[in-house]
Each structure stands twice: as structure tokens, then as C-alpha cells.
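Asker: Pasting a structure here, questions to come.
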Amino acid sequence: MSSSSVAGSRVVHEADVLAWLRDRERLDGCSVVASMPDFSEFPNLSLEEWKTWFTETAKLVLSRTPEDGITLFFQSDIKRDGVWIDKGYLVSKAAEATGDALLFHKILCRAPPGQTTYGKPAYSHLLAFSRGVRPPVDQSTADVIPDIGEKTWTRGMGFHACRLVCESVLRLTETRTLVSLFCGQGGVLAVANSFGLSAVGVERSPKRAERARTLSLTRDGQGFALPVMSVE
């Protein structure tokens, strides 16, 4: 894969993400975003086995991003038996193993500050890593985002999170193709296209992959937004 993709184009592969990545050595001309599956989606794995899967998958994702691109992880922590599982730590552990530096770690609020939530926290992580990109200090942006934005489905990235991903790729890199792994219903793909980026999605679910191919932004009085949440 290279940066020769047509600007604003979109391709969605219905495939297992790990197999798709293993078939490729490096995604030249691309930056990558991943929101990796939660422990609840692996009923046959123990928590420790899932942690290993998660970290090893993050390593594979990082290894396929070129040095002039960035890898972004959008993840929400979980709690099991009173113990907090920090996914930000798990992806940072993977990045340390692959030699990728942390460019930023942003917190996006899923609920208003001061509100108590159960099971999942009131925030999500957005972490960006790279082996070659080193942004100047004057390109820094806010570390806490007060609203994650509307989502197209329960496990999707909010609209404001999708915008932040695309803005970061445009601001920090010369790459103009965004690869979205575990892309779900394609919210980040639609936002990437609206920014003029080419978008490549990988999703195993046929139903979600089909929606990801056609999802588009809606226009309202405030500009553009994702469509209202659908029910699978």
C-alpha cells in the first residue's frame, strides 16, 4: 500500500485484521488508527490471555506504520472484579517494545466531569506514537477534550474523536491515507474523506463492513456530524 491512493477515496476490506496486517510489510504513505476489541469480545480468553493478545496486536499495528506516519489508538479502560485495566498502559508497553515514541496522550470525556460511571470510565484515551515524527512544541493541542461527540454505533468513536484523529494526521505528517483497523461502521473513514484524506478500513463483520463503505456525514446548522447511532 502506498500514498498513490486517490484523494478522498475509500476502500473497506472485509477481513481479519491480524491476517490482513501479516500479509503486508509496511503501509507506506499511511498513518494508522486502531480501536482494538475489548475483553468482553473474547469469551474464550482469560483476562491475562486477552492482555497478551491486546499487547501483541498493538505491536503488530505499530510495526506496519511507516516512520513518517503516526499510529493512533482510541481505547476505553475497563474494570474487572474491582481491578482497573489501563489500556493506555498496554499500548504504551507495546510501543516501548517496538521503539515508537509517544507524541501525545489525550483524554476525551464520555460523560460530564464529576459524574460517576460504573464498569467503564467517563473518559477514553487517544494516544499517538511514531518512530520518526517529532512535532514542534508550537503544534501542541488541548490534552482534555470535553465531549467525545456523537457515535454511529455503541462501540464506535465519537465524531469529535474522529476529527481529532484526522486533524492530527494532517498536522503532524505528510501521509494522506488513513488506515482504520477494526473500523466498525466507518465513522473515522467518513470524517477522513471529509478532510480530503484517502481512507482504508479493515473490518471482519460483513454487516459493519458494508455500512462502512457507504457511511457519510450529515449536515446540520453547526456544520457536519455523523448520522445518529444505529442499532445492529
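As shown in the C-alpha cells, the chain order sets the letters A, B, ...; within each chain, residues go from 1, and ligands are also counted from 1 in the order they appear.
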Mind the document's chain letters and residue numbers, and return as a VMD selection string the residues of range 103-230 of chain A that DSSP labels strand (DSSP E or B).

Answerer: chain A and resid 103 to 109 123 to 130 144 to 145 177 to 181 198 to 203 218 to 220 223 to 225

Asker: Counting only C-alpha atoms, which residues of range 173-215 of chain A sit at most 10 Å from some atom of range 12-24 of chain A, and what is each one's closest atom pair with its distance in Å to one decimal, listed by chain and rising residue number, as a tab-separated table?

Answerer:
```
residue	atom	partner	partner_atom	distance
A:Val179	CA	A:Val12	CA	9.6
A:Ser180	CA	A:Val12	CA	9.1
A:Leu181	CA	A:Val17	CA	6.5
A:Phe182	CA	A:Val17	CA	6.7
A:Cys183	CA	A:Val12	CA	8.6
A:Gly186	CA	A:Val12	CA	8.7
A:Leu189	CA	A:Val12	CA	9.1
A:Ala199	CA	A:Val12	CA	8.3
A:Val200	CA	A:Val12	CA	5.7
A:Gly201	CA	A:Val12	CA	4.4
A:Val202	CA	A:His13	CA	4.8
A:Glu203	CA	A:Glu14	CA	5.2
A:Arg204	CA	A:Ala15	CA	4.7
A:Ser205	CA	A:Glu14	CA	6.9
A:Pro206	CA	A:Glu14	CA	6.3
A:Lys207	CA	A:Glu14	CA	9.4
A:Arg208	CA	A:Glu14	CA	9.0
A:Ala209	CA	A:Glu14	CA	6.0
A:Glu210	CA	A:Val12	CA	8.0
A:Arg211	CA	A:Val12	CA	9.6
A:Ala212	CA	A:Val12	CA	6.9
A:Arg213	CA	A:Val12	CA	5.9
A:Thr214	CA	A:Val12	CA	9.7
```

Asker: The selected residues should be written to file as a PDB file, in the first residue's frame (atoms: C-alpha atoms).

Answerer:
```pdb
ATOM      1  CA  VAL A 179      -5.919   3.150   7.612  1.00  0.00           C
ATOM      2  CA  SER A 180      -8.606   2.341  10.182  1.00  0.00           C
ATOM      3  CA  LEU A 181      -8.255  -1.116  11.752  1.00  0.00           C
ATOM      4  CA  PHE A 182     -11.303  -2.704  13.407  1.00  0.00           C
ATOM      5  CA  CYS A 183     -13.120   0.126  11.612  1.00  0.00           C
ATOM      6  CA  GLY A 186     -16.704   3.534   9.405  1.00  0.00           C
ATOM      7  CA  LEU A 189     -13.444   6.792   7.359  1.00  0.00           C
ATOM      8  CA  ALA A 199      -9.356   6.051   3.790  1.00  0.00           C
ATOM      9  CA  VAL A 200      -8.827   2.312   4.090  1.00  0.00           C
ATOM     10  CA  GLY A 201     -10.892   0.286   6.552  1.00  0.00           C
ATOM     11  CA  VAL A 202     -10.494  -3.289   7.755  1.00  0.00           C
ATOM     12  CA  GLU A 203     -13.446  -4.961   9.468  1.00  0.00           C
ATOM     13  CA  ARG A 204     -14.303  -8.645   9.934  1.00  0.00           C
ATOM     14  CA  SER A 205     -18.086  -8.223  10.311  1.00  0.00           C
ATOM     15  CA  PRO A 206     -19.776  -8.245   6.861  1.00  0.00           C
ATOM     16  CA  LYS A 207     -22.649  -6.082   8.115  1.00  0.00           C
ATOM     17  CA  ARG A 208     -20.374  -3.437   9.622  1.00  0.00           C
ATOM     18  CA  ALA A 209     -18.003  -3.507   6.633  1.00  0.00           C
ATOM     19  CA  GLU A 210     -20.897  -2.852   4.250  1.00  0.00           C
ATOM     20  CA  ARG A 211     -22.083   0.127   6.297  1.00  0.00           C
ATOM     21  CA  ALA A 212     -18.504   1.438   6.495  1.00  0.00           C
ATOM     22  CA  ARG A 213     -18.321   1.538   2.689  1.00  0.00           C
ATOM     23  CA  THR A 214     -21.255   3.918   2.379  1.00  0.00           C
TER      24      THR A 214
END
```

Asker: Set the distance at 12 Å and use only C-alpha atoms: which residues neighbour Gly196 in chain A once local chain neighbours fewer than 6 positions away are removed? I'd like the list as a count of residues only.

Answerer: 16

Asker: Just asking: which residues within range 102-224 of chain A are alpha helix (DSSP H) according to DSSP, as a ChimeraX atom specification?

Answerer: /A:159-172,187-194,206-214

Asker: What does the distance from CA of Gly99 in chain A to CA of Arg131 in chain A come to in Å, to one decimal?

Answerer: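 Answer for the CA of Gly99 in chain A to CA of Arg131 in chain A separation: 6.5 Å.
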